[in-house]
file coords-v5.cif (mmCIF, C-alpha atoms)
data_structure
loop_
_atom_site.label_atom_id
_atom_site.label_comp_id
_atom_site.auth_asym_id
_atom_site.auth_seq_id
_atom_site.Cartn_x
_atom_site.Cartn_y
_atom_site.Cartn_z
CA MET A 1 -1.03 -3.59 4.91
CA VAL A 2 -3.47 -5.48 2.74
CA SER A 3 -7.14 -5.09 1.82
CA LYS A 4 -9.38 -6.97 -0.57
CA ASN A 5 -8.09 -5.23 -3.73
CA THR A 6 -5.11 -3.14 -2.60
CA TYR A 7 -2.01 -3.20 -0.47
CA LEU A 8 0.29 -0.56 0.91
CA ARG A 9 4.05 -0.79 0.91
CA ARG A 10 6.61 1.66 2.19
CA SER A 11 7.33 4.25 -0.47
CA THR A 12 10.75 4.19 -2.12
CA PHE A 13 12.82 6.89 -3.74
CA ASP A 14 11.83 5.55 -7.16
CA ASP A 15 8.17 6.30 -6.33
CA CYS A 16 8.97 10.03 -6.47
CA THR A 17 8.58 9.92 -10.25
CA LEU A 18 5.02 8.60 -9.86
CA PHE A 19 4.23 11.07 -7.07
CA THR A 20 5.37 13.93 -9.28
CA LYS A 21 3.20 12.74 -12.18
CA TRP A 22 0.16 12.32 -9.93
CA GLU A 23 0.67 15.56 -8.02
CA GLN A 24 0.71 17.55 -11.24
CA GLN A 25 -2.86 16.39 -12.00
CA ASP A 26 -5.66 18.82 -11.20
CA TYR A 27 -7.92 16.08 -9.80
CA VAL A 28 -5.21 15.21 -7.23
CA LYS A 29 -4.04 18.66 -6.18
CA GLN A 30 -7.50 20.25 -6.14
CA PHE A 31 -8.12 19.35 -2.49
CA LEU A 32 -4.55 18.94 -1.27
CA THR A 33 -1.93 21.41 -0.15
CA ILE A 34 0.09 21.02 -3.32
CA ASN A 35 1.11 24.09 -5.31
CA MET A 36 -0.08 24.26 -8.89
CA GLU A 37 3.49 24.06 -10.23
CA ARG A 38 4.75 20.88 -8.56
CA THR A 39 8.26 19.81 -9.57
CA TYR A 40 10.14 16.55 -9.24
CA GLU A 41 12.75 18.33 -7.11
CA GLU A 42 10.05 19.44 -4.62
CA VAL A 43 8.66 15.92 -4.39
CA VAL A 44 12.14 14.45 -3.82
CA ARG A 45 13.06 17.09 -1.20
CA GLU A 46 9.79 16.45 0.64
CA PHE A 47 10.18 12.66 0.41
CA LEU A 48 13.77 12.67 1.69
CA GLY A 49 12.91 15.07 4.51
CA ARG A 50 10.27 12.66 5.77
CA GLU A 51 12.23 9.43 5.36
CA ASN A 52 14.27 9.55 8.57
CA ASP A 53 11.60 11.15 10.75
CA LEU A 54 10.06 8.53 13.06
CA SER A 55 6.91 10.64 13.40
CA ARG A 56 6.16 10.19 9.69
CA GLU A 57 5.47 7.23 7.40
CA GLN A 58 5.04 7.18 3.61
CA TYR A 59 3.25 4.47 1.64
CA THR A 60 2.45 3.70 -1.95
CA ILE A 61 -0.95 2.18 -2.75
CA LEU A 62 -0.87 -0.75 -5.18
CA LEU A 63 -3.51 -2.94 -6.74
CA LYS A 64 -3.21 -6.43 -5.30
CA GLU A 65 -3.91 -8.27 -8.56
CA ASP A 66 -0.98 -6.92 -10.58
CA SER A 67 0.99 -4.66 -8.19
CA ILE A 68 0.25 -1.51 -10.20
CA PRO A 69 0.88 1.65 -8.13
CA ILE A 70 -2.29 3.76 -7.98
CA GLY A 71 -1.84 6.22 -5.12
CA ARG A 72 -0.12 7.55 -2.06
CA VAL A 73 -0.52 7.78 1.72
CA TYR A 74 1.40 10.03 4.08
CA LEU A 75 1.02 9.68 7.86
CA SER A 76 2.45 12.27 10.23
CA GLY A 77 2.28 13.47 13.80
CA ILE A 78 2.89 9.94 15.03
CA SER A 79 3.10 10.37 18.78
CA ARG A 80 3.75 7.38 21.03
CA ALA A 81 3.41 9.70 24.04
CA ALA A 82 -0.12 10.77 23.06
CA ASP A 83 -0.99 7.61 21.09
CA SER A 84 -2.12 9.74 18.17
CA ILE A 85 -1.50 9.88 14.45
CA ASP A 86 -2.62 12.01 11.51
CA ILE A 87 -3.57 10.74 8.07
CA THR A 88 -2.04 13.76 6.36
CA ARG A 89 -2.34 12.85 2.71
CA ILE A 90 -4.18 10.12 0.90
CA TYR A 91 -5.08 10.04 -2.75
CA ILE A 92 -5.67 7.79 -5.71
CA GLY A 93 -3.31 9.16 -8.35
CA GLU A 94 -4.39 7.17 -11.36
CA GLU A 95 -7.60 8.75 -12.67
CA LYS A 96 -9.03 5.54 -14.12
CA PHE A 97 -9.10 4.07 -10.60
CA LEU A 98 -11.10 6.91 -9.04
CA GLY A 99 -14.59 6.15 -7.79
CA LEU A 100 -14.04 2.38 -7.59
CA GLY A 101 -13.89 2.12 -3.79
CA TYR A 102 -10.13 1.86 -3.46
CA GLY A 103 -9.93 5.00 -1.33
CA ARG A 104 -12.39 3.56 1.16
CA GLU A 105 -10.51 0.24 1.23
CA VAL A 106 -7.25 2.02 1.93
CA MET A 107 -8.84 4.16 4.65
CA GLU A 108 -10.25 1.04 6.33
CA THR A 109 -6.82 -0.59 6.11
CA LEU A 110 -5.18 2.51 7.58
CA LEU A 111 -7.62 2.64 10.49
CA ASP A 112 -6.94 -1.03 11.23
CA TYR A 113 -3.20 -0.31 11.14
CA CYS A 114 -3.52 2.76 13.36
CA PHE A 115 -5.74 1.18 16.00
CA ASN A 116 -4.78 -2.50 15.96
CA THR A 117 -1.11 -2.48 14.94
CA LEU A 118 0.13 0.86 16.29
CA LYS A 119 -2.37 0.82 19.20
CA MET A 120 -3.28 4.48 18.74
CA GLN A 121 -5.99 6.17 20.78
CA ARG A 122 -6.78 8.89 18.27
CA VAL A 123 -6.55 9.30 14.48
CA THR A 124 -7.04 12.67 12.83
CA ILE A 125 -7.64 13.70 9.25
CA ASP A 126 -8.66 16.95 7.61
CA HIS A 127 -10.22 18.08 4.38
CA TYR A 128 -10.70 21.23 2.36
CA PRO A 129 -14.12 22.89 2.39
CA GLY A 130 -15.94 21.70 -0.70
CA ASN A 131 -14.38 18.25 -0.73
CA GLU A 132 -17.73 16.57 -0.15
CA ASN A 133 -16.59 13.13 -1.30
CA ALA A 134 -13.86 12.99 1.32
CA ALA A 135 -16.14 14.41 4.02
CA ALA A 136 -18.83 11.81 3.31
CA LEU A 137 -16.32 8.95 3.37
CA TYR A 138 -14.73 10.06 6.63
CA LEU A 139 -18.15 10.40 8.29
CA ARG A 140 -19.16 6.90 7.08
CA LEU A 141 -15.95 5.54 8.59
CA GLY A 142 -16.81 7.05 11.98
CA PHE A 143 -14.81 10.27 12.03
CA LYS A 144 -16.35 13.20 13.92
CA TYR A 145 -15.87 16.90 13.21
CA GLU A 146 -13.74 18.79 15.71
CA GLY A 147 -13.80 22.19 14.06
CA ILE A 148 -12.29 24.41 11.43
CA MET A 149 -8.57 25.10 11.40
CA ARG A 150 -8.46 28.64 10.09
CA ASN A 151 -5.79 29.43 7.49
CA ALA A 152 -4.18 26.07 8.27
CA ALA A 153 -3.04 25.38 4.72
CA LYS A 154 -1.05 27.48 2.28
CA LYS A 155 -1.22 26.75 -1.42
CA ASP A 156 0.02 29.00 -4.20
CA ASN A 157 0.46 31.83 -1.66
CA GLU A 158 -3.18 31.66 -0.53
CA TYR A 159 -4.40 30.44 2.84
CA TYR A 160 -7.18 27.90 3.22
CA ASN A 161 -9.27 26.65 6.10
CA LEU A 162 -9.33 22.93 6.79
CA HIS A 163 -12.06 20.90 8.47
CA LEU A 164 -10.48 18.80 11.23
CA MET A 165 -11.95 15.39 12.02
CA SER A 166 -10.95 12.61 14.38
CA ILE A 167 -11.91 9.10 15.38
CA LEU A 168 -11.10 7.58 18.77
CA ARG A 169 -10.30 3.98 19.57
CA SER A 170 -13.63 3.61 21.40
CA GLU A 171 -15.49 4.81 18.31
CA TYR A 172 -13.57 2.46 16.02
CA CYS A 173 -13.66 -0.77 18.00
CA HIS A 174 -17.33 -1.42 17.37
CA LYS A 175 -16.77 -1.70 13.62
#
call {"tool": "encode", "arguments": {"input": "coords-v5.cif", "output": "structure tokens"}}
result
Amino acid sequence: MVSKNTYLRRSTFDDCTLFTKWEQQDYVKQFLTINMERTYEEVVREFLGRENDLSREQYTILLKEDSIPIGRVYLSGISRAADSIDITRIYIGEEKFLGLGYGREVMETLLDYCFNTLKMQRVTIDHYPGNENAAALYLRLGFKYEGIMRNAAKKDNEYYNLHLMSILRSEYCHK
């Protein structure tokens, strides 16, 4: 999957080192369901558990110009029966690349992949309350709010609500 400045490739085991580094950063884990004390072993266990599950896909975000890894995407709930998919985790892990539009590029690339390659009918995503940057981006991309999933996330033994959003094929096609 390629955009103007980035591309996504399937994540590899070796990427777990990068994921661990990124997922230990406060700016990454602030709005994700990642415990404050994230270890390499947890990242590896999670990565391996997802690798052979056909309802999940893991990608590493790279800059097109020099193939530098800058972030991560995790898709789950891939259902061919319901033609639906969830963008479960997306982040730019390298702080110097935040706020440069790469997240939006990757989201646009993911929506194209979901609707035009996988032929999905529905794509969902959620965000923590207070994550106004993510909320604004998702709304600009055409996502609509469905509601609040109460106590849907657990992080450091605390429960958090998540705002659920979705976009349907009919809402995407006009873009």
call {"tool": "closest_atom_pairs", "arguments": {"input": "coords-v5.cif", "of": "range 104-175 of chain A", "to": "range 61-78 of chain A", "cutoff": "12 Å", "atoms": "only C-alpha atoms", "output": "tab-separated table"}}
result
residue	atom	partner	partner_atom	distance
A:Glu105	CA	A:Ile61	CA	10.5
A:Val106	CA	A:Ile61	CA	7.8
A:Met107	CA	A:Val73	CA	9.5
A:Thr109	CA	A:Ile61	CA	11.0
A:Leu110	CA	A:Val73	CA	9.2
A:Leu111	CA	A:Leu75	CA	11.5
A:Tyr113	CA	A:Leu75	CA	11.3
A:Cys114	CA	A:Ile78	CA	9.8
A:Leu118	CA	A:Ile78	CA	9.6
A:Lys119	CA	A:Ile78	CA	11.3
A:Met120	CA	A:Ile78	CA	9.0
A:Gln121	CA	A:Ile78	CA	11.2
A:Arg122	CA	A:Ile78	CA	10.3
A:Val123	CA	A:Ile78	CA	9.5
A:Thr124	CA	A:Gly77	CA	9.4
A:Ile125	CA	A:Leu75	CA	9.6
call {"tool": "closest_atom_pairs", "arguments": {"input": "coords-v5.cif", "of": "range 59-110 of chain A", "to": "range 131-145 of chain A", "cutoff": "10 Å", "atoms": "all atoms listed in the file", "output": "tab-separated table"}}
result
residue	atom	partner	partner_atom	distance
A:Gly99	CA	A:Asn133	CA	9.7
A:Gly103	CA	A:Leu137	CA	8.9
A:Arg104	CA	A:Leu137	CA	7.0
A:Met107	CA	A:Leu141	CA	8.2
A:Glu108	CA	A:Leu141	CA	7.6
call {"tool": "atom_distance", "arguments": {"input": "coords-v5.cif", "atom1": "CA of Phe31 in chain A", "atom2": "CA of Lys154 in chain A"}}
result
11.8 Å
call {"tool": "closest_residue", "arguments": {"input": "coords-v5.cif", "among": "A:Leu8, A:Cys173, A:Leu48, A:Val28", "to": "Arg89 in chain A", "atoms": "all atoms listed in the file"}}
result
A:Val28
call {"tool": "closest_residue", "arguments": {"input": "coords-v5.cif", "among": "A:Thr88, A:Asn151, A:Asn157, A:Thr20", "to": "Arg45 in chain A", "atoms": "only C-alpha atoms"}}
result
A:Thr20
call {"tool": "atom_distance", "arguments": {"input": "coords-v5.cif", "atom1": "CA of Tyr159 in chain A", "atom2": "CA of Asp126 in chain A"}}
result
14.9 Å
call {"tool": "closest_residue", "arguments": {"input": "coords-v5.cif", "among": "A:Tyr102, A:Asp86, A:Gly49, A:Tyr91", "to": "Ser3 in chain A", "atoms": "all atoms listed in the file"}}
result
A:Tyr102
call {"tool": "closest_residue", "arguments": {"input": "coords-v5.cif", "among": "A:Asp15, A:Glu37, A:Asp26, A:Glu42", "to": "Lys155 in chain A", "atoms": "all atoms listed in the file"}}
result
A:Glu37
call {"tool": "atom_distance", "arguments": {"input": "coords-v5.cif", "atom1": "CA of Cys16 in chain A", "atom2": "CA of Glu51 in chain A"}}
result
12.3 Å
call {"tool": "resolve_selection", "arguments": {"input": "coords-v5.cif", "expression": "the PyMOL selection byres ((chain A and resi 27) around 10)", "output": "PyMOL selection string"}}
result
chain A and resi 22-26+28-32+91-95+98
call {"tool": "closest_residue", "arguments": {"input": "coords-v5.cif", "among": "A:Asn35, A:Phe115, A:Ser11, A:Phe97", "to": "Glu171 in chain A", "atoms": "only C-alpha atoms"}}
result
A:Phe115
call {"tool": "resolve_selection", "arguments": {"input": "coords-v5.cif", "expression": "the PyMOL selection byres ((chain A and resi 10) around 7)", "output": "JSON, numbers by chain"}}
result
{"A": [8, 9, 11, 12, 58, 59, 60]}
call {"tool": "write_last_selection", "arguments": {"input": "coords-v5.cif", "atoms": "C-alpha atoms", "output": "short mmCIF file (atom, residue, chain, number, x, y, z; two decimals), in the frame of the given file"}}
result
data_model
loop_
_atom_site.label_atom_id
_atom_site.label_comp_id
_atom_site.auth_asym_id
_atom_site.auth_seq_id
_atom_site.Cartn_x
_atom_site.Cartn_y
_atom_site.Cartn_z
CA LEU A 8 0.29 -0.56 0.91
CA ARG A 9 4.05 -0.79 0.91
CA SER A 11 7.33 4.25 -0.47
CA THR A 12 10.75 4.19 -2.12
CA GLN A 58 5.04 7.18 3.61
CA TYR A 59 3.25 4.47 1.64
CA THR A 60 2.45 3.70 -1.95
#
call {"tool": "closest_residue", "arguments": {"input": "coords-v5.cif", "among": "A:Tyr128, A:Lys4, A:Ile167, A:Arg50", "to": "Arg150 in chain A", "atoms": "only C-alpha atoms"}}
result
A:Tyr128
call {"tool": "decode", "arguments": {"input": "coords-v5.cif", "residues": "range 18-60 of chain A", "atoms": "C-alpha atoms", "output": "mmCIF file, in the first residue's frame"}}
result
data_model
loop_
_atom_site.group_PDB
_atom_site.id
_atom_site.type_symbol
_atom_site.label_atom_id
_atom_site.label_comp_id
_atom_site.auth_asym_id
_atom_site.auth_seq_id
_atom_site.Cartn_x
_atom_site.Cartn_y
_atom_site.Cartn_z
ATOM 1 C CA LEU A 18 10.778 -0.821 16.933
ATOM 2 C CA PHE A 19 7.241 -1.415 18.216
ATOM 3 C CA THR A 20 8.594 -1.834 21.730
ATOM 4 C CA LYS A 21 10.597 1.393 21.501
ATOM 5 C CA TRP A 22 7.625 3.326 20.144
ATOM 6 C CA GLU A 23 5.090 1.820 22.529
ATOM 7 C CA GLN A 24 7.157 2.871 25.518
ATOM 8 C CA GLN A 25 6.782 6.542 24.487
ATOM 9 C CA ASP A 26 4.142 8.578 26.316
ATOM 10 C CA TYR A 27 3.002 10.336 23.130
ATOM 11 C CA VAL A 28 2.197 6.925 21.575
ATOM 12 C CA LYS A 29 0.582 5.132 24.500
ATOM 13 C CA GLN A 30 -1.379 8.146 25.768
ATOM 14 C CA PHE A 31 -4.424 7.360 23.615
ATOM 15 C CA LEU A 32 -3.895 3.644 23.009
ATOM 16 C CA THR A 33 -4.653 0.589 25.082
ATOM 17 C CA ILE A 34 -1.015 0.021 25.957
ATOM 18 C CA ASN A 35 0.021 -0.404 29.578
ATOM 19 C CA MET A 36 2.539 2.081 30.920
ATOM 20 C CA GLU A 37 5.162 -0.643 31.421
ATOM 21 C CA ARG A 38 5.335 -2.170 27.937
ATOM 22 C CA THR A 39 7.969 -4.892 27.495
ATOM 23 C CA TYR A 40 9.560 -6.452 24.444
ATOM 24 C CA GLU A 41 8.180 -9.835 25.519
ATOM 25 C CA GLU A 42 4.605 -8.441 25.526
ATOM 26 C CA VAL A 43 5.059 -6.948 22.067
ATOM 27 C CA VAL A 44 6.464 -10.224 20.707
ATOM 28 C CA ARG A 45 3.703 -12.328 22.313
ATOM 29 C CA GLU A 46 1.054 -10.008 20.873
ATOM 30 C CA PHE A 47 2.713 -9.938 17.436
ATOM 31 C CA LEU A 48 3.044 -13.722 17.209
ATOM 32 C CA GLY A 49 -0.518 -14.258 18.411
ATOM 33 C CA ARG A 50 -1.810 -12.123 15.564
ATOM 34 C CA GLU A 51 0.428 -13.473 12.804
ATOM 35 C CA ASN A 52 -1.529 -16.613 11.917
ATOM 36 C CA ASP A 53 -4.993 -15.160 12.481
ATOM 37 C CA LEU A 54 -6.675 -14.438 9.135
ATOM 38 C CA SER A 55 -8.939 -11.868 10.798
ATOM 39 C CA ARG A 56 -5.931 -9.680 11.631
ATOM 40 C CA GLU A 57 -3.242 -7.890 9.633
ATOM 41 C CA GLN A 58 -0.173 -6.003 10.881
ATOM 42 C CA TYR A 59 1.716 -3.349 8.932
ATOM 43 C CA THR A 60 4.718 -1.133 9.426
#
